[in-house]
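S.K.: Take this structure first; my questions come after.
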Amino acid sequence: MHNIRPNPSLLTQSITLLSVENLHVSYGSIKALHGVSLHVPQGSIVTLIGANGAGKSTTLRALSGLVKPTSGSIRYDGHEVSKLPPEKVVSRGLCHVPEGRMVFANLTVRENLKMGAYLQKDRKWIADQTDYVFGLFPRLKEREGQSAGTLSGGEQQMLAIGRALLSRPKFLMLDEPSLGIAPLLVKTIFERIVEINREQGLTILLVEQNANLALDVSSYAYVLETGKILLEGPSAVVKADPQVQAAYLGA
Ligand SMILES: Nc1ncnc2c1ncn2[C@@H]1O[C@H](COP(=O)(O)OP(=O)(O)O)[C@@H](O)[C@H]1O
Ligand SMILES: [Mg+2]
């Protein structure tokens, strides 16, 4: 018998989950984004790299509805979402883990995870997904009764990612998960990001200043400079680009 089942990764590769066209964002008189366009295929890990102040966080804030673009379009999962309030965007499965993690410091690890699941009704799914998160990050399991404020930066990042997974996302946006974290934990967290992408079929947009790591775990990359996409391409090609090497990879 021939195996006629198509490879699911091939089927999903060509479907675009997120399409951003010519996005402009201002904070009062400060123009932060000047016409950003980017595309994220379903099931992929795409990275947006760039220096401090380039507009990476602003891009994610616009995608999750926290800031309103002055112009441009954001199509997510077949719908124009650029004018929707954040809660409407979230309910469509777009989940934003902001810079600085923002866990609830006074709540325990387990309570933080529970907060992530506040819109979920299926108790079995919540229990299974909590176990999945504890399997990904055993440190969280060890500290489940501890208040989140007592965790290290790396552990708080794990918790922020875990909490996001409990919201049952389709699309996860991570804003600088490596920022201010011990190198050993950064490596663990990036390995887990790849694992989550593979095991949960989750599409990921990874924003990073740590270009080296981000280019290693992603399939496609955009380089943002002062509110514009400077260049884009398959991550391996971007990594080999002399301009990128000089400016972002310390070569
Ligand atoms: N709340 C804000 N008010 C005014 N300007 C802002 C605000 N947030 C960011 N900016 C400006 O927008 C630009 C892009 O910032 P940001 O998106 O935070 O960059 P990145 O995340 O790449 O470091 C910067 O010039 C920054 O100073
Ligand atoms: Mg930022």
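By order in the structure tokens, chains are A, B, ...; within a chain, residues start at 1; ligands start at 1, following the order shown.
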Hey, what's within 12 Å of Val186 of chain A if we count only C-alpha atoms and toss same-chain stuff fewer than 2 positions away? As a list of chain:residue names, please?
M.R.: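 Selected residues are A:Gly153, A:Gly154, A:Glu155, A:Gln156, A:Gln157, A:Met158, A:Glu176, A:Pro177, A:Ser178, A:Leu179, A:Gly180, A:Ile181, A:Ala182, A:Pro183, A:Leu184, A:Thr188, A:Ile189, A:Phe190, A:Glu191, A:Arg192, A:Ile193, A:Glu208, A:Asn210, A:Leu213, A:Ala214.
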S.K.: Let me see if you get this right: every residue at most 9 Å from ligand 1, counting only C-alpha atoms and all ligand atoms, written as a PyMOL selection string.
M.R.: chain A and resi 25-33+49-61+99+175-176+207-209+224-227
S.K.: Go ahead and write the selection's residues with C-alpha atoms as a PDB file, in the first residue's frame.
M.R.:
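Saved result, part_38.pdb, follows:
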ATOM      1  CA  VAL A  25       2.099  54.031  13.273  1.00  0.00           C
ATOM      2  CA  SER A  26       2.706  57.309  15.099  1.00  0.00           C
ATOM      3  CA  TYR A  27       2.878  58.268  18.754  1.00  0.00           C
ATOM      4  CA  GLY A  28       1.647  61.852  18.535  1.00  0.00           C
ATOM      5  CA  SER A  29       4.169  63.591  16.315  1.00  0.00           C
ATOM      6  CA  ILE A  30       6.682  60.721  16.540  1.00  0.00           C
ATOM      7  CA  LYS A  31       6.492  58.411  13.513  1.00  0.00           C
ATOM      8  CA  ALA A  32       7.461  54.945  14.696  1.00  0.00           C
ATOM      9  CA  LEU A  33       6.589  52.832  11.620  1.00  0.00           C
ATOM     10  CA  ILE A  49      15.038  41.639  14.244  1.00  0.00           C
ATOM     11  CA  GLY A  50      16.367  45.130  14.724  1.00  0.00           C
ATOM     12  CA  ALA A  51      18.167  47.449  17.111  1.00  0.00           C
ATOM     13  CA  ASN A  52      16.653  49.150  20.126  1.00  0.00           C
ATOM     14  CA  GLY A  53      14.118  51.754  18.989  1.00  0.00           C
ATOM     15  CA  ALA A  54      13.651  50.273  15.492  1.00  0.00           C
ATOM     16  CA  GLY A  55       9.910  49.785  16.009  1.00  0.00           C
ATOM     17  CA  LYS A  56       9.696  46.073  16.816  1.00  0.00           C
ATOM     18  CA  SER A  57       7.458  46.416  19.877  1.00  0.00           C
ATOM     19  CA  THR A  58       5.339  49.003  18.084  1.00  0.00           C
ATOM     20  CA  THR A  59       4.753  46.483  15.278  1.00  0.00           C
ATOM     21  CA  LEU A  60       3.538  43.875  17.769  1.00  0.00           C
ATOM     22  CA  ARG A  61       1.383  46.440  19.589  1.00  0.00           C
ATOM     23  CA  GLU A  99       8.495  42.803  26.444  1.00  0.00           C
ATOM     24  CA  ASP A 175       8.642  40.344  22.242  1.00  0.00           C
ATOM     25  CA  GLU A 176      12.328  39.851  23.096  1.00  0.00           C
ATOM     26  CA  VAL A 207      10.840  39.786  17.891  1.00  0.00           C
ATOM     27  CA  GLU A 208      14.485  39.936  18.959  1.00  0.00           C
ATOM     28  CA  GLN A 209      17.554  42.083  19.343  1.00  0.00           C
ATOM     29  CA  LEU A 224      13.620  46.472  10.826  1.00  0.00           C
ATOM     30  CA  GLU A 225      15.543  49.736  10.922  1.00  0.00           C
ATOM     31  CA  THR A 226      14.018  53.035  12.081  1.00  0.00           C
ATOM     32  CA  GLY A 227      10.474  51.975  11.286  1.00  0.00           C
TER      33      GLY A 227
END
S.K.: For each of A:Leu174, A:Cys95, A:Gly135, A:Leu66, take the minimum atom-to-atom distance to ligand 2, counting only C-alpha atoms and all ligand atoms, then give the residue where this is smallest.
M.R.: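 Result for the nearest residue to ligand 2: A:Leu174.
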S.K.: Step one, run DSSP on the backbone; step two, keep only residues of segment 120-251 of chain A assigned to helix (DSSP H, G or I); then write them as a ChimeraX atom specification.
M.R.: /A:123-136,138-142,148-150,153-165,183-200,211-217,235-240,242-248
S.K.: Give me, as a ChimeraX atom specification, all polymer residues having an atom no more than 12 Å from Val89 of chain A, counting only C-alpha atoms and skipping those fewer than 2 positions away in the same chain.
M.R.: /A:61-66,74-77,79-87,91-96,169-171
S.K.: So that I have them on file, write out the residues from the current selection with C-alpha atoms, as an mmCIF file, in the first residue's frame.
M.R.:
data_model
loop_
_atom_site.group_PDB
_atom_site.id
_atom_site.type_symbol
_atom_site.label_atom_id
_atom_site.label_comp_id
_atom_site.auth_asym_id
_atom_site.auth_seq_id
_atom_site.Cartn_x
_atom_site.Cartn_y
_atom_site.Cartn_z
ATOM 1 C CA ARG A 61 1.383 46.440 19.589
ATOM 2 C CA ALA A 62 -0.268 47.378 16.308
ATOM 3 C CA LEU A 63 -0.873 43.703 15.464
ATOM 4 C CA SER A 64 -2.574 43.067 18.795
ATOM 5 C CA GLY A 65 -4.666 46.255 18.604
ATOM 6 C CA LEU A 66 -2.930 48.096 21.456
ATOM 7 C CA ILE A 74 -3.432 43.919 8.967
ATOM 8 C CA ARG A 75 -5.077 40.739 7.735
ATOM 9 C CA TYR A 76 -5.089 37.944 10.256
ATOM 10 C CA ASP A 77 -6.717 34.568 9.677
ATOM 11 C CA HIS A 79 -9.994 39.100 8.486
ATOM 12 C CA GLU A 80 -8.973 42.739 8.568
ATOM 13 C CA VAL A 81 -8.157 43.340 12.262
ATOM 14 C CA SER A 82 -6.439 46.742 12.224
ATOM 15 C CA LYS A 83 -9.512 48.497 13.571
ATOM 16 C CA LEU A 84 -10.536 45.887 16.135
ATOM 17 C CA PRO A 85 -10.069 46.420 19.889
ATOM 18 C CA PRO A 86 -7.405 44.189 21.511
ATOM 19 C CA GLU A 87 -9.919 41.837 23.169
ATOM 20 C CA SER A 91 -10.431 36.137 20.923
ATOM 21 C CA ARG A 92 -9.312 35.210 17.395
ATOM 22 C CA GLY A 93 -6.317 33.376 18.833
ATOM 23 C CA LEU A 94 -3.635 36.027 18.482
ATOM 24 C CA CYS A 95 -1.580 36.134 21.660
ATOM 25 C CA HIS A 96 1.061 38.735 22.509
ATOM 26 C CA PRO A 169 -3.493 30.660 20.725
ATOM 27 C CA LYS A 170 -3.162 30.072 17.002
ATOM 28 C CA PHE A 171 -0.566 32.764 16.649
#
S.K.: Can you list, as a compact mmCIF listing (two decimals) with N, CA and C atoms, in the first residue's frame, all residues belonging to segment 23-228 of chain A that DSSP tags as strand (DSSP E or B)?
M.R.:
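As written to disk, states_10.txt reads:
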# COMPACT_ATOMS: atom_id res chain seq x y z
N LEU A 23 2.16 49.36 6.83
CA LEU A 23 1.68 49.80 8.14
C LEU A 23 2.43 51.06 8.60
N HIS A 24 1.64 52.07 8.97
CA HIS A 24 2.19 53.31 9.53
C HIS A 24 1.64 53.49 10.94
N VAL A 25 2.54 53.77 11.89
CA VAL A 25 2.10 54.03 13.27
C VAL A 25 2.84 55.25 13.80
N SER A 26 2.10 56.14 14.46
CA SER A 26 2.71 57.31 15.10
C SER A 26 2.31 57.36 16.56
N TYR A 27 3.22 57.89 17.37
CA TYR A 27 2.88 58.27 18.75
C TYR A 27 2.86 59.79 18.76
N ILE A 30 5.56 61.65 16.81
CA ILE A 30 6.68 60.72 16.54
C ILE A 30 6.22 59.59 15.63
N LYS A 31 6.84 59.50 14.44
CA LYS A 31 6.49 58.41 13.51
C LYS A 31 7.35 57.19 13.85
N ALA A 32 6.70 56.14 14.29
CA ALA A 32 7.46 54.95 14.70
C ALA A 32 7.58 53.93 13.57
N LEU A 33 6.53 53.76 12.77
CA LEU A 33 6.59 52.83 11.62
C LEU A 33 6.22 53.57 10.35
N HIS A 34 7.05 53.39 9.31
CA HIS A 34 6.83 54.07 8.03
C HIS A 34 6.61 53.06 6.93
N GLY A 35 5.48 52.35 6.97
CA GLY A 35 5.18 51.47 5.85
C GLY A 35 5.81 50.09 5.97
N VAL A 36 5.49 49.40 7.07
CA VAL A 36 6.02 48.05 7.27
C VAL A 36 5.07 47.02 6.62
N SER A 37 5.66 46.12 5.83
CA SER A 37 4.90 45.00 5.25
C SER A 37 5.57 43.71 5.66
N LEU A 38 4.78 42.76 6.13
CA LEU A 38 5.36 41.45 6.43
C LEU A 38 4.30 40.36 6.39
N HIS A 39 4.77 39.13 6.21
CA HIS A 39 3.87 38.00 6.01
C HIS A 39 4.33 36.81 6.84
N VAL A 40 3.39 36.18 7.48
CA VAL A 40 3.73 35.03 8.32
C VAL A 40 2.89 33.83 7.88
N PRO A 41 3.56 32.83 7.26
CA PRO A 41 2.84 31.62 6.84
C PRO A 41 2.40 30.80 8.06
N ILE A 45 7.88 29.78 11.99
CA ILE A 45 8.46 30.75 12.93
C ILE A 45 9.11 31.83 12.07
N VAL A 46 8.61 33.04 12.18
CA VAL A 46 9.18 34.17 11.46
C VAL A 46 9.76 35.12 12.50
N THR A 47 10.92 35.72 12.19
CA THR A 47 11.50 36.65 13.14
C THR A 47 11.58 38.06 12.58
N LEU A 48 11.45 39.00 13.50
CA LEU A 48 11.61 40.42 13.19
C LEU A 48 12.75 40.89 14.08
N ILE A 49 13.89 41.20 13.45
CA ILE A 49 15.04 41.64 14.24
C ILE A 49 15.32 43.11 13.98
N SER A 71 -2.28 54.26 9.05
CA SER A 71 -2.72 53.66 7.79
C SER A 71 -2.10 52.29 7.62
N GLY A 72 -2.59 51.56 6.63
CA GLY A 72 -2.08 50.22 6.37
C GLY A 72 -3.09 49.16 6.75
N SER A 73 -2.80 47.94 6.34
CA SER A 73 -3.75 46.88 6.62
C SER A 73 -3.09 45.72 7.36
N ILE A 74 -3.87 45.10 8.24
CA ILE A 74 -3.43 43.92 8.97
C ILE A 74 -4.49 42.85 8.74
N ARG A 75 -4.15 41.85 7.94
CA ARG A 75 -5.08 40.74 7.73
C ARG A 75 -4.59 39.56 8.53
N TYR A 76 -5.45 39.08 9.42
CA TYR A 76 -5.09 37.94 10.26
C TYR A 76 -6.18 36.89 10.13
N HIS A 79 -9.21 37.92 8.13
CA HIS A 79 -9.99 39.10 8.49
C HIS A 79 -9.10 40.33 8.66
N GLU A 80 -9.65 41.48 8.30
CA GLU A 80 -8.97 42.74 8.57
C GLU A 80 -9.15 43.04 10.06
N LEU A 94 -4.92 35.34 18.60
CA LEU A 94 -3.63 36.03 18.48
C LEU A 94 -3.19 36.42 19.88
N CYS A 95 -2.02 35.94 20.28
CA CYS A 95 -1.58 36.13 21.66
C CYS A 95 -0.22 36.82 21.70
N HIS A 96 -0.12 37.87 22.47
CA HIS A 96 1.06 38.74 22.51
C HIS A 96 1.74 38.59 23.87
N VAL A 97 2.97 38.10 23.89
CA VAL A 97 3.74 38.09 25.13
C VAL A 97 4.64 39.32 25.10
N THR A 108 0.61 33.06 42.38
CA THR A 108 1.53 31.93 42.24
C THR A 108 1.68 31.57 40.76
N SER A 147 5.08 32.55 44.55
CA SER A 147 4.57 33.73 43.86
C SER A 147 5.52 34.10 42.71
N PHE A 171 -1.68 31.93 17.09
CA PHE A 171 -0.57 32.76 16.65
C PHE A 171 0.04 33.44 17.87
N LEU A 172 1.32 33.16 18.08
CA LEU A 172 1.99 33.67 19.28
C LEU A 172 3.04 34.70 18.87
N MET A 173 2.97 35.87 19.49
CA MET A 173 3.96 36.91 19.21
C MET A 173 4.79 37.11 20.47
N LEU A 174 6.10 36.91 20.35
CA LEU A 174 6.99 37.00 21.50
C LEU A 174 7.89 38.22 21.34
N ASP A 175 7.82 39.13 22.31
CA ASP A 175 8.64 40.34 22.24
C ASP A 175 9.90 40.20 23.11
N THR A 203 1.85 29.00 15.11
CA THR A 203 2.59 29.96 14.29
C THR A 203 3.20 31.01 15.22
N ILE A 204 4.46 31.37 14.98
CA ILE A 204 5.16 32.25 15.93
C ILE A 204 5.84 33.42 15.20
N LEU A 205 5.60 34.61 15.71
CA LEU A 205 6.36 35.79 15.28
C LEU A 205 7.25 36.20 16.44
N LEU A 206 8.55 36.08 16.21
CA LEU A 206 9.54 36.27 17.26
C LEU A 206 10.28 37.59 17.02
N VAL A 207 10.14 38.51 17.97
CA VAL A 207 10.84 39.79 17.89
C VAL A 207 12.09 39.71 18.76
N GLU A 208 13.24 40.08 18.21
CA GLU A 208 14.48 39.94 18.96
C GLU A 208 15.53 40.98 18.59
N TYR A 220 12.18 32.40 8.33
CA TYR A 220 12.17 33.61 7.51
C TYR A 220 12.39 34.80 8.43
N ALA A 221 13.06 35.83 7.93
CA ALA A 221 13.41 36.97 8.79
C ALA A 221 13.20 38.31 8.11
N TYR A 222 12.80 39.27 8.92
CA TYR A 222 12.71 40.66 8.49
C TYR A 222 13.63 41.48 9.37
N VAL A 223 14.36 42.41 8.75
CA VAL A 223 15.22 43.31 9.51
C VAL A 223 14.59 44.69 9.49
N LEU A 224 14.29 45.18 10.69
CA LEU A 224 13.62 46.47 10.83
C LEU A 224 14.64 47.52 11.25
N GLU A 225 14.64 48.65 10.55
CA GLU A 225 15.54 49.74 10.92
C GLU A 225 14.76 51.04 10.84
N LYS A 228 11.31 50.92 9.25
CA LYS A 228 11.16 50.38 7.88
C LYS A 228 11.83 49.02 7.78
S.K.: What is the atom CA of Met102 of chain A to atom CA of Leu249 of chain A distance in Å?
M.R.: 28.4 Å
S.K.: For each of A:Glu142, A:Lys68, A:Gly100, A:Asn212, take the minimum atom-to-atom distance to ligand 2, counting only C-alpha atoms and all ligand atoms, then give the residue where this is smallest.
M.R.: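 Selected residue with least distance to ligand 2: A:Gly100.
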S.K.: May I ask which of the residues A:Asp122, A:Thr150, A:Leu159, A:Asn106 is the closest one to Pro138 of chain A, counting only C-alpha atoms?
M.R.: A:Leu159
S.K.: Let me make sure I understand: among A:Leu113, A:Leu185, A:Leu215, A:Ala246, which one has the smallest atom-to-atom distance to Gly233 of chain A if we use only C-alpha atoms?
M.R.: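 Ranked by minimum distance to Gly233 of chain A, first place goes to A:Leu215.
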S.K.: Return the single residue from A:Arg110, A:Arg101, A:Arg143, A:Lys88 that is closest to ligand 2, with distances computed using only C-alpha atoms and all ligand atoms.
M.R.: A:Arg101
S.K.: Just to confirm, what's the straight-line distance from atom CA of Glu21 of chain A to atom CA of Glu232 of chain A in Å (one decimal)?
M.R.: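 Pair atom CA of Glu21 of chain A / atom CA of Glu232 of chain A returns 14.4 Å.
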S.K.: Let me make sure I understand: among A:Pro69, A:Ala127, A:Phe134, A:Ala117, which one has the smallest atom-to-atom distance to Asn22 of chain A if we use only C-alpha atoms?
M.R.: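 For Asn22 of chain A, the nearest of the candidates is A:Pro69.
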